[in-house]
>>> print(open('structure.cif').read())   # mmCIF, C-alpha atoms
data_input
loop_
_atom_site.label_atom_id
_atom_site.label_comp_id
_atom_site.auth_asym_id
_atom_site.auth_seq_id
_atom_site.Cartn_x
_atom_site.Cartn_y
_atom_site.Cartn_z
CA MET A 29 13.29 8.30 1.57
CA PRO A 30 12.80 12.08 1.50
CA PRO A 31 10.69 13.88 4.11
CA ASP A 32 7.04 12.86 3.70
CA TYR A 33 3.78 12.06 5.50
CA PHE A 34 5.49 9.47 7.68
CA SER A 35 8.66 11.31 8.68
CA ALA A 36 9.57 15.03 8.63
CA GLN A 37 13.29 14.16 8.43
CA GLY A 38 12.86 11.42 5.86
CA GLN A 39 13.99 7.85 6.43
CA LEU A 40 17.56 6.57 6.55
CA TRP A 41 17.60 2.89 5.62
CA GLY A 42 21.33 2.44 5.06
CA ASN A 43 20.75 0.55 1.81
CA PRO A 44 23.13 0.80 -1.15
CA VAL A 45 21.53 2.14 -4.32
CA TYR A 46 21.04 0.08 -7.48
CA ASN A 47 23.68 0.44 -10.17
CA TRP A 48 21.24 0.77 -13.05
CA GLU A 49 24.01 1.15 -15.63
CA ALA A 50 25.48 -2.23 -14.67
CA LEU A 51 22.04 -3.86 -14.63
CA HIS A 52 21.21 -2.33 -18.02
CA ALA A 53 24.40 -3.83 -19.46
CA THR A 54 23.08 -7.33 -18.65
CA GLY A 55 19.58 -6.65 -19.99
CA TYR A 56 18.38 -6.37 -16.39
CA ARG A 57 18.97 -10.12 -16.05
CA TRP A 58 19.28 -10.09 -12.25
CA CYS A 59 15.97 -8.27 -11.89
CA ILE A 60 14.16 -10.54 -14.34
CA ASP A 61 15.53 -13.71 -12.73
CA ARG A 62 14.39 -12.39 -9.37
CA PHE A 63 10.88 -11.77 -10.72
CA ARG A 64 10.75 -15.28 -12.21
CA ALA A 65 11.75 -16.86 -8.92
CA LEU A 66 9.16 -14.87 -7.00
CA LEU A 67 6.38 -15.64 -9.49
CA ALA A 68 6.90 -19.33 -8.78
CA HIS A 69 5.28 -18.59 -5.41
CA VAL A 70 2.87 -15.69 -6.01
CA ASP A 71 0.59 -14.34 -8.74
CA LEU A 72 1.26 -10.63 -8.29
CA ILE A 73 4.28 -8.63 -7.15
CA ARG A 74 3.92 -5.30 -5.38
CA LEU A 75 6.73 -2.98 -6.43
CA ASP A 76 7.39 -1.02 -3.26
CA HIS A 77 8.55 2.56 -3.79
CA PHE A 78 7.55 2.43 -7.45
CA ARG A 79 8.62 6.02 -7.89
CA GLY A 80 12.25 4.82 -7.72
CA PHE A 81 11.89 3.46 -11.27
CA SER A 82 11.47 7.06 -12.39
CA ALA A 83 13.76 8.74 -9.85
CA ALA A 84 15.06 7.77 -6.41
CA TRP A 85 16.23 9.80 -3.42
CA HIS A 86 19.99 9.30 -2.98
CA ILE A 87 21.49 10.29 0.38
CA PRO A 88 25.22 10.92 0.98
CA SER A 89 26.93 8.31 3.13
CA GLY A 90 27.10 9.42 6.74
CA ALA A 91 24.32 12.00 6.47
CA PRO A 92 22.52 12.37 9.83
CA THR A 93 19.07 12.60 8.20
CA ALA A 94 17.54 11.97 4.77
CA GLN A 95 16.91 15.68 4.25
CA THR A 96 20.17 16.27 2.36
CA GLY A 97 19.48 13.81 -0.46
CA SER A 98 18.78 14.49 -4.11
CA TRP A 99 16.71 12.89 -6.85
CA GLN A 100 18.59 10.66 -9.27
CA PRO A 101 17.02 9.05 -12.37
CA GLY A 102 15.90 5.42 -12.40
CA PRO A 103 15.71 3.04 -15.38
CA GLY A 104 12.32 4.31 -16.56
CA ALA A 105 10.24 2.81 -19.35
CA GLU A 106 13.12 0.84 -20.86
CA PHE A 107 13.16 -1.39 -17.79
CA PHE A 108 9.50 -2.32 -18.06
CA HIS A 109 9.69 -2.88 -21.80
CA LYS A 110 12.49 -5.39 -21.19
CA VAL A 111 10.67 -7.13 -18.32
CA GLU A 112 7.46 -7.34 -20.34
CA ALA A 113 9.29 -8.88 -23.29
CA GLU A 114 10.86 -11.52 -21.04
CA LEU A 115 7.85 -12.35 -18.84
CA GLY A 116 5.08 -11.87 -21.39
CA GLY A 117 3.31 -9.40 -19.12
CA LEU A 118 3.73 -7.19 -16.09
CA PRO A 119 2.21 -8.89 -13.02
CA PHE A 120 2.81 -5.86 -10.84
CA ILE A 121 1.09 -3.51 -8.41
CA ALA A 122 2.69 -0.08 -8.06
CA GLU A 123 3.12 1.16 -4.51
CA ASP A 124 2.83 4.78 -5.62
CA LEU A 125 2.64 6.48 -2.23
CA GLY A 126 4.65 9.40 -0.91
CA LEU A 127 5.92 12.22 -3.10
CA ILE A 128 4.49 11.26 -6.49
CA THR A 129 5.24 13.52 -9.42
CA PRO A 130 3.65 13.48 -12.91
CA ASP A 131 6.54 11.51 -14.39
CA VAL A 132 5.84 8.65 -11.95
CA GLU A 133 2.15 8.61 -12.85
CA THR A 134 3.02 8.65 -16.56
CA LEU A 135 5.35 5.67 -16.14
CA ARG A 136 2.74 3.74 -14.14
CA ASP A 137 -0.05 4.45 -16.63
CA GLN A 138 2.09 3.82 -19.71
CA PHE A 139 2.24 0.16 -18.69
CA GLN A 140 -1.24 0.06 -17.14
CA ILE A 141 0.16 -0.98 -13.77
CA PRO A 142 -2.48 -0.56 -11.04
CA GLY A 143 -1.66 2.01 -8.39
CA THR A 144 -2.33 1.98 -4.66
CA ARG A 145 -5.03 3.75 -2.65
CA VAL A 146 -5.07 3.82 1.17
CA LEU A 147 -8.35 4.62 2.89
CA GLN A 148 -6.70 5.98 6.04
CA PHE A 149 -5.50 8.89 3.87
CA ALA A 150 -8.97 9.66 2.51
CA PHE A 151 -10.62 11.77 5.17
CA ASP A 152 -8.98 15.19 5.01
CA GLY A 153 -12.21 16.93 4.02
CA HIS A 154 -11.21 17.57 0.40
CA GLU A 155 -13.61 16.24 -2.22
CA ASP A 156 -10.78 15.72 -4.73
CA ASN A 157 -8.74 13.55 -2.35
CA PRO A 158 -7.45 10.67 -4.56
CA TYR A 159 -7.89 8.19 -1.71
CA LEU A 160 -11.65 8.71 -1.52
CA PRO A 161 -13.35 5.79 -3.28
CA ARG A 162 -15.45 8.12 -5.43
CA ASN A 163 -12.20 9.26 -7.06
CA PHE A 164 -10.80 5.79 -7.80
CA VAL A 165 -10.23 4.40 -11.25
CA ASN A 166 -10.88 0.70 -11.76
CA ASN A 167 -7.23 -0.14 -12.31
CA THR A 168 -6.45 0.40 -8.63
CA VAL A 169 -5.65 -1.66 -5.54
CA VAL A 170 -7.26 -0.32 -2.37
CA TYR A 171 -5.94 -1.00 1.12
CA THR A 172 -7.49 -0.05 4.44
CA GLY A 173 -3.89 0.54 5.51
CA THR A 174 -0.48 -0.83 4.56
CA HIS A 175 2.32 -2.31 6.65
CA ASP A 176 3.47 1.25 7.38
CA ASN A 177 0.15 2.41 8.78
CA PRO A 178 -1.32 1.92 12.24
CA THR A 179 -4.17 -0.54 12.41
CA SER A 180 -7.42 1.14 11.41
CA ARG A 181 -8.66 1.04 14.98
CA GLU A 182 -5.47 2.71 16.28
CA TRP A 183 -5.65 5.25 13.45
CA PHE A 184 -9.25 6.14 14.32
CA GLU A 185 -8.68 6.30 18.07
CA GLU A 186 -5.77 8.72 17.62
CA LEU A 187 -7.71 11.14 15.40
CA PRO A 188 -8.89 14.42 16.96
CA SER A 189 -12.50 14.15 18.10
CA THR A 190 -13.74 16.45 15.34
CA GLN A 191 -12.12 14.28 12.68
CA GLN A 192 -13.49 11.14 14.35
CA GLU A 193 -16.95 12.65 13.92
CA THR A 194 -16.22 13.33 10.25
CA VAL A 195 -15.10 9.75 9.66
CA SER A 196 -18.00 8.28 11.61
CA GLY A 197 -20.43 10.45 9.68
CA TYR A 198 -19.15 8.94 6.44
CA PHE A 199 -20.41 5.53 7.55
CA THR A 200 -23.44 6.30 9.74
CA GLU A 201 -26.65 8.32 9.80
CA GLY A 202 -28.65 9.80 12.67
CA ASN A 203 -27.40 10.14 16.21
CA ASP A 204 -25.60 6.82 16.50
CA ARG A 205 -22.10 7.47 15.16
CA THR A 206 -20.48 4.34 16.60
CA ILE A 207 -18.28 2.42 14.17
CA GLU A 208 -15.80 -0.43 14.26
CA PRO A 209 -12.98 1.19 12.29
CA GLY A 210 -11.40 -1.96 10.83
CA PRO A 211 -14.58 -3.55 9.44
CA ALA A 212 -15.94 -0.12 8.43
CA LEU A 213 -12.94 0.63 6.22
CA MET A 214 -12.99 -2.91 4.86
CA GLY A 215 -16.63 -2.51 3.84
CA LEU A 216 -15.74 0.73 2.07
CA ALA A 217 -12.78 -0.89 0.30
CA TRP A 218 -14.70 -3.97 -0.79
CA SER A 219 -17.61 -1.89 -2.15
CA SER A 220 -15.34 0.40 -4.17
CA ARG A 221 -14.62 0.16 -7.88
CA ALA A 222 -10.99 -0.84 -7.23
CA ALA A 223 -10.03 -4.04 -9.02
CA LEU A 224 -8.50 -5.50 -5.86
CA ALA A 225 -9.22 -4.82 -2.18
CA ILE A 226 -6.75 -5.76 0.58
CA ALA A 227 -6.85 -5.47 4.36
CA PRO A 228 -4.52 -6.77 7.06
CA LEU A 229 -5.78 -9.41 9.48
CA GLN A 230 -5.59 -6.80 12.24
CA ASP A 231 -8.37 -4.80 10.59
CA LEU A 232 -10.59 -7.83 10.07
CA LEU A 233 -10.26 -8.51 13.81
CA ASN A 234 -10.52 -4.78 14.64
CA LEU A 235 -7.32 -4.85 16.69
CA GLY A 236 -5.64 -1.72 18.05
CA ARG A 237 -2.21 -0.32 18.79
CA GLU A 238 -0.92 -3.60 20.22
CA ALA A 239 -1.12 -5.19 16.76
CA ARG A 240 0.74 -2.60 14.67
CA MET A 241 3.36 -4.14 12.37
CA ASN A 242 5.74 -1.33 11.52
CA VAL A 243 6.52 2.30 12.36
CA PRO A 244 8.37 4.03 9.49
CA GLY A 245 11.64 5.62 10.51
CA ARG A 246 11.95 3.51 13.67
CA ALA A 247 14.93 1.17 13.43
CA ALA A 248 13.97 -1.33 16.15
CA GLY A 249 10.87 -2.94 17.60
CA ASN A 250 9.07 -3.56 14.32
CA TRP A 251 7.53 -6.72 12.86
CA CYS A 252 6.98 -8.26 16.28
CA TRP A 253 3.22 -8.81 16.16
CA ARG A 254 2.03 -12.37 15.62
CA TYR A 255 -1.50 -13.67 15.75
CA ALA A 256 -2.40 -16.43 18.17
CA GLU A 257 -4.62 -19.26 17.00
CA ASP A 258 -7.25 -18.52 19.64
CA ILE A 259 -8.06 -15.11 18.11
CA LEU A 260 -9.02 -16.67 14.76
CA VAL A 261 -12.67 -17.14 15.68
CA ASP A 262 -15.30 -17.96 13.06
CA LYS A 263 -17.48 -14.84 13.22
CA PRO A 264 -15.15 -12.34 11.50
CA PHE A 265 -14.35 -14.78 8.71
CA ALA A 266 -18.03 -15.54 8.11
CA TRP A 267 -18.60 -11.78 7.94
CA LEU A 268 -15.69 -11.45 5.50
CA ARG A 269 -17.11 -14.11 3.21
CA ASP A 270 -20.53 -12.44 3.23
CA LEU A 271 -18.92 -9.07 2.49
CA THR A 272 -16.86 -10.56 -0.32
CA ALA A 273 -19.92 -12.20 -1.85
CA SER A 274 -22.17 -9.14 -1.54
CA SER A 275 -19.54 -6.89 -3.15
CA GLY A 276 -19.02 -9.24 -6.10
CA ARG A 277 -15.50 -10.19 -5.11
CA LEU A 278 -16.04 -13.89 -4.50
CA ALA A 279 -14.13 -16.14 -6.88
CA ASP A 280 -15.92 -18.92 -8.75
CA THR A 281 -14.12 -21.44 -6.59
CA GLY A 282 -15.73 -19.97 -3.49
CA THR A 283 -12.44 -18.70 -2.13
CA VAL A 284 -11.81 -15.17 -0.97
CA MET A 285 -10.05 -13.08 -3.61
CA ALA A 286 -8.75 -10.38 -1.30
CA GLY A 287 -8.34 -10.44 2.41
#
>>> encode(input="structure.cif", output="structure tokens")
Amino acid sequence: MPPDYFSAQGQLWGNPVYNWEALHATGYRWCIDRFRALLAHVDLIRLDHFRGFSAAWHIPSGAPTAQTGSWQPGPGAEFFHKVEAELGGLPFIAEDLGLITPDVETLRDQFQIPGTRVLQFAFDGHEDNPYLPRNFVNNTVVYTGTHDNPTSREWFEELPSTQQETVSGYFTEGNDRTIEPGPALMGLAWSSRAALAIAPLQDLLNLGREARMNVPGRAAGNWCWRYAEDILVDKPFAWLRDLTASSGRLADTGTVMAG
């Protein structure tokens, strides 16, 4: 990944790049078979780093950082036309975060694939910030934070005090500016016009730094957090069901649509 919000030097993953010419020669059969296998277990697939279908950041082998890479074209619209013809639809969510250029947005919108909005990115003071719910389109998936973000409580606690006041003021009136960051952002997500709202368990439970899943650019020590059964108390889940019902997101079966 090139330098971005998460890392000034970019991220070196050590992954080989896709050989799109070879995949094209087979009609993208490997990709389509992979989608079919995954759809036997899930209803929607999030395409991480969606921008790579338009262009991806290629880094020379042995480079010390990701700063020396260059953009190389991806398979573009042809890929999605082929997948749509084979699957009868495109059950995808586009993870369109990072350095997003107009060509990526055009590709996403050409196939009406919902994009991603992250509320932790919303509070920079700019009214046109695309992560503010007032600027959402319906065909959007909103997250309080993704696997790359801190928990919402950690995020809030690490903000400068002036920005904490700005965030708190978004949710409160009068002198009492106390908020629970996880539930507060969930309430904002659930009440938005986004078609789907998603939050990690950590935010429902309002957990802090100890519960972070992943730090981008850090090679070790990630994905270690696990929940213990004794933290799954009834009160947060009753609150979640009430929130889901009041925001019109409760399925006819009475199950939670997004959590």
>>> residues_around(input="structure.cif", residues="A:Pro209", least_positions_apart="5", cutoff="8 Å", atoms="all atoms listed in the file", output="VMD selection string")
chain A and resid 180 to 181 184 231 234
>>> resolve_selection(input="structure.cif", expression="the PyMOL selection byres ((chain A and resi 128) around 12)", output="PyMOL selection string")
chain A and resi 30+32+77-84+122-127+129-136+143-144
>>> resolve_selection(input="structure.cif", expression="the PyMOL selection byres ((chain A and resi 117) around 12)", output="PyMOL selection string")
chain A and resi 60+63-64+67+71-72+108-116+118-120+139-141
>>> atom_distance(input="structure.cif", atom1="atom CA of A:Tyr159", atom2="atom CA of A:Pro211")
17.5 Å
>>> resolve_selection(input="structure.cif", expression="the PyMOL selection byres ((chain A and resi 238-243) around 6)", output="ChimeraX atom specification")
/A:176,178-179,236-237,244,246,250-251,253
>>> atom_distance(input="structure.cif", atom1="atom CA of A:Ser98", atom2="atom CA of A:Asn47")
16.1 Å
>>> atom_distance(input="structure.cif", atom1="atom CA of A:Gln192", atom2="atom CA of A:Arg205")
9.4 Å
>>> closest_residue(input="structure.cif", among="A:Leu233, A:Val170, A:Pro264, A:Ala248", to="A:Trp218", atoms="all atoms listed in the file")
A:Val170
>>> decode(input="structure.cif", residues="stretch 195-210 of chain A", atoms="all heavy atoms", output="PDB file, in the first residue's frame")
ATOM      1  N   VAL A 195     -16.360  16.287  19.026  1.00  0.00           N
ATOM      2  CA  VAL A 195     -17.089  15.033  18.849  1.00  0.00           C
ATOM      3  C   VAL A 195     -18.227  14.935  19.857  1.00  0.00           C
ATOM      4  O   VAL A 195     -19.365  14.606  19.495  1.00  0.00           O
ATOM      5  CB  VAL A 195     -16.141  13.827  18.985  1.00  0.00           C
ATOM      6  CG1 VAL A 195     -16.921  12.517  18.962  1.00  0.00           C
ATOM      7  CG2 VAL A 195     -15.087  13.845  17.873  1.00  0.00           C
ATOM      8  N   SER A 196     -17.951  15.223  21.108  1.00  0.00           N
ATOM      9  CA  SER A 196     -18.982  15.148  22.141  1.00  0.00           C
ATOM     10  C   SER A 196     -20.138  16.084  21.830  1.00  0.00           C
ATOM     11  O   SER A 196     -21.311  15.746  22.036  1.00  0.00           O
ATOM     12  CB  SER A 196     -18.397  15.477  23.512  1.00  0.00           C
ATOM     13  OG  SER A 196     -17.418  14.538  23.893  1.00  0.00           O
ATOM     14  N   GLY A 197     -19.809  17.278  21.320  1.00  0.00           N
ATOM     15  CA  GLY A 197     -20.848  18.235  20.985  1.00  0.00           C
ATOM     16  C   GLY A 197     -21.756  17.773  19.866  1.00  0.00           C
ATOM     17  O   GLY A 197     -22.890  18.246  19.743  1.00  0.00           O
ATOM     18  N   TYR A 198     -21.277  16.867  19.048  1.00  0.00           N
ATOM     19  CA  TYR A 198     -22.091  16.316  17.962  1.00  0.00           C
ATOM     20  C   TYR A 198     -23.228  15.461  18.513  1.00  0.00           C
ATOM     21  O   TYR A 198     -24.285  15.357  17.898  1.00  0.00           O
ATOM     22  CB  TYR A 198     -21.201  15.482  17.037  1.00  0.00           C
ATOM     23  CG  TYR A 198     -21.817  15.148  15.706  1.00  0.00           C
ATOM     24  CD1 TYR A 198     -21.636  15.984  14.602  1.00  0.00           C
ATOM     25  CD2 TYR A 198     -22.579  13.996  15.526  1.00  0.00           C
ATOM     26  CE1 TYR A 198     -22.191  15.685  13.369  1.00  0.00           C
ATOM     27  CE2 TYR A 198     -23.138  13.685  14.290  1.00  0.00           C
ATOM     28  CZ  TYR A 198     -22.934  14.534  13.226  1.00  0.00           C
ATOM     29  OH  TYR A 198     -23.505  14.232  12.001  1.00  0.00           O
ATOM     30  N   PHE A 199     -23.012  14.873  19.684  1.00  0.00           N
ATOM     31  CA  PHE A 199     -23.975  13.940  20.253  1.00  0.00           C
ATOM     32  C   PHE A 199     -24.760  14.510  21.439  1.00  0.00           C
ATOM     33  O   PHE A 199     -25.772  13.932  21.834  1.00  0.00           O
ATOM     34  CB  PHE A 199     -23.250  12.677  20.739  1.00  0.00           C
ATOM     35  CG  PHE A 199     -22.584  11.899  19.644  1.00  0.00           C
ATOM     36  CD1 PHE A 199     -21.227  12.051  19.399  1.00  0.00           C
ATOM     37  CD2 PHE A 199     -23.305  11.037  18.846  1.00  0.00           C
ATOM     38  CE1 PHE A 199     -20.601  11.340  18.386  1.00  0.00           C
ATOM     39  CE2 PHE A 199     -22.694  10.327  17.824  1.00  0.00           C
ATOM     40  CZ  PHE A 199     -21.343  10.482  17.595  1.00  0.00           C
ATOM     41  N   THR A 200     -24.293  15.604  22.037  1.00  0.00           N
ATOM     42  CA  THR A 200     -24.885  16.073  23.282  1.00  0.00           C
ATOM     43  C   THR A 200     -25.249  17.549  23.184  1.00  0.00           C
ATOM     44  O   THR A 200     -24.776  18.272  22.302  1.00  0.00           O
ATOM     45  CB  THR A 200     -23.918  15.890  24.462  1.00  0.00           C
ATOM     46  OG1 THR A 200     -22.720  16.633  24.207  1.00  0.00           O
ATOM     47  CG2 THR A 200     -23.578  14.426  24.657  1.00  0.00           C
ATOM     48  N   GLU A 201     -26.075  17.999  24.120  1.00  0.00           N
ATOM     49  CA  GLU A 201     -26.442  19.404  24.240  1.00  0.00           C
ATOM     50  C   GLU A 201     -26.239  19.825  25.687  1.00  0.00           C
ATOM     51  O   GLU A 201     -26.247  18.998  26.600  1.00  0.00           O
ATOM     52  CB  GLU A 201     -27.895  19.629  23.823  1.00  0.00           C
ATOM     53  CG  GLU A 201     -28.175  19.320  22.354  1.00  0.00           C
ATOM     54  CD  GLU A 201     -29.619  19.558  21.974  1.00  0.00           C
ATOM     55  OE1 GLU A 201     -30.409  19.911  22.882  1.00  0.00           O
ATOM     56  OE2 GLU A 201     -29.964  19.397  20.795  1.00  0.00           O
ATOM     57  N   GLY A 202     -26.095  21.144  25.903  1.00  0.00           N
ATOM     58  CA  GLY A 202     -25.941  21.646  27.261  1.00  0.00           C
ATOM     59  C   GLY A 202     -24.541  21.428  27.790  1.00  0.00           C
ATOM     60  O   GLY A 202     -23.573  21.241  27.041  1.00  0.00           O
ATOM     61  N   ASN A 203     -24.416  21.406  29.089  1.00  0.00           N
ATOM     62  CA  ASN A 203     -23.116  21.315  29.739  1.00  0.00           C
ATOM     63  C   ASN A 203     -22.581  19.896  29.848  1.00  0.00           C
ATOM     64  O   ASN A 203     -21.386  19.693  29.977  1.00  0.00           O
ATOM     65  CB  ASN A 203     -23.187  21.942  31.138  1.00  0.00           C
ATOM     66  CG  ASN A 203     -23.447  23.437  31.076  1.00  0.00           C
ATOM     67  OD1 ASN A 203     -22.976  24.103  30.153  1.00  0.00           O
ATOM     68  ND2 ASN A 203     -24.206  23.953  32.038  1.00  0.00           N
ATOM     69  N   ASP A 204     -23.481  18.930  29.848  1.00  0.00           N
ATOM     70  CA  ASP A 204     -23.035  17.537  29.995  1.00  0.00           C
ATOM     71  C   ASP A 204     -22.579  17.013  28.643  1.00  0.00           C
ATOM     72  O   ASP A 204     -23.391  16.746  27.762  1.00  0.00           O
ATOM     73  CB  ASP A 204     -24.174  16.674  30.553  1.00  0.00           C
ATOM     74  CG  ASP A 204     -23.711  15.235  30.816  1.00  0.00           C
ATOM     75  OD1 ASP A 204     -22.496  14.966  30.684  1.00  0.00           O
ATOM     76  OD2 ASP A 204     -24.565  14.389  31.134  1.00  0.00           O
ATOM     77  N   ARG A 205     -21.284  16.876  28.461  1.00  0.00           N
ATOM     78  CA  ARG A 205     -20.734  16.415  27.183  1.00  0.00           C
ATOM     79  C   ARG A 205     -20.164  15.001  27.305  1.00  0.00           C
ATOM     80  O   ARG A 205     -19.301  14.611  26.531  1.00  0.00           O
ATOM     81  CB  ARG A 205     -19.640  17.379  26.709  1.00  0.00           C
ATOM     82  CG  ARG A 205     -20.161  18.779  26.371  1.00  0.00           C
ATOM     83  CD  ARG A 205     -21.170  18.722  25.236  1.00  0.00           C
ATOM     84  NE  ARG A 205     -21.720  20.015  24.893  1.00  0.00           N
ATOM     85  CZ  ARG A 205     -21.202  20.838  23.980  1.00  0.00           C
ATOM     86  NH1 ARG A 205     -20.097  20.506  23.349  1.00  0.00           N
ATOM     87  NH2 ARG A 205     -21.779  21.982  23.711  1.00  0.00           N
ATOM     88  N   THR A 206     -20.647  14.231  28.269  1.00  0.00           N
ATOM     89  CA  THR A 206     -20.137  12.876  28.476  1.00  0.00           C
ATOM     90  C   THR A 206     -20.770  11.929  27.466  1.00  0.00           C
ATOM     91  O   THR A 206     -21.997  11.908  27.296  1.00  0.00           O
ATOM     92  CB  THR A 206     -20.462  12.381  29.897  1.00  0.00           C
ATOM     93  OG1 THR A 206     -19.912  13.294  30.845  1.00  0.00           O
ATOM     94  CG2 THR A 206     -19.878  10.995  30.126  1.00  0.00           C
ATOM     95  N   ILE A 207     -19.949  11.154  26.787  1.00  0.00           N
ATOM     96  CA  ILE A 207     -20.462  10.150  25.854  1.00  0.00           C
ATOM     97  C   ILE A 207     -19.739   8.829  26.076  1.00  0.00           C
ATOM     98  O   ILE A 207     -18.630   8.794  26.609  1.00  0.00           O
ATOM     99  CB  ILE A 207     -20.286  10.574  24.374  1.00  0.00           C
ATOM    100  CG1 ILE A 207     -18.793  10.660  24.004  1.00  0.00           C
ATOM    101  CG2 ILE A 207     -21.011  11.874  24.087  1.00  0.00           C
ATOM    102  CD1 ILE A 207     -18.555  10.800  22.510  1.00  0.00           C
ATOM    103  N   GLU A 208     -20.390   7.753  25.665  1.00  0.00           N
ATOM    104  CA  GLU A 208     -19.749   6.451  25.537  1.00  0.00           C
ATOM    105  C   GLU A 208     -19.445   6.285  24.054  1.00  0.00           C
ATOM    106  O   GLU A 208     -20.363   6.072  23.251  1.00  0.00           O
ATOM    107  CB  GLU A 208     -20.655   5.345  26.057  1.00  0.00           C
ATOM    108  CG  GLU A 208     -20.896   5.394  27.551  1.00  0.00           C
ATOM    109  CD  GLU A 208     -21.679   4.191  28.033  1.00  0.00           C
ATOM    110  OE1 GLU A 208     -22.314   3.513  27.193  1.00  0.00           O
ATOM    111  OE2 GLU A 208     -21.641   3.921  29.242  1.00  0.00           O
ATOM    112  N   PRO A 209     -18.186   6.393  23.659  1.00  0.00           N
ATOM    113  CA  PRO A 209     -17.859   6.511  22.237  1.00  0.00           C
ATOM    114  C   PRO A 209     -18.399   5.371  21.367  1.00  0.00           C
ATOM    115  O   PRO A 209     -18.921   5.620  20.273  1.00  0.00           O
ATOM    116  CB  PRO A 209     -16.331   6.543  22.232  1.00  0.00           C
ATOM    117  CG  PRO A 209     -15.970   7.084  23.577  1.00  0.00           C
ATOM    118  CD  PRO A 209     -16.995   6.538  24.518  1.00  0.00           C
ATOM    119  N   GLY A 210     -18.250   4.113  21.828  1.00  0.00           N
ATOM    120  CA  GLY A 210     -18.717   2.995  21.009  1.00  0.00           C
ATOM    121  C   GLY A 210     -20.203   3.069  20.729  1.00  0.00           C
ATOM    122  O   GLY A 210     -20.632   3.131  19.563  1.00  0.00           O
TER     123      GLY A 210
END
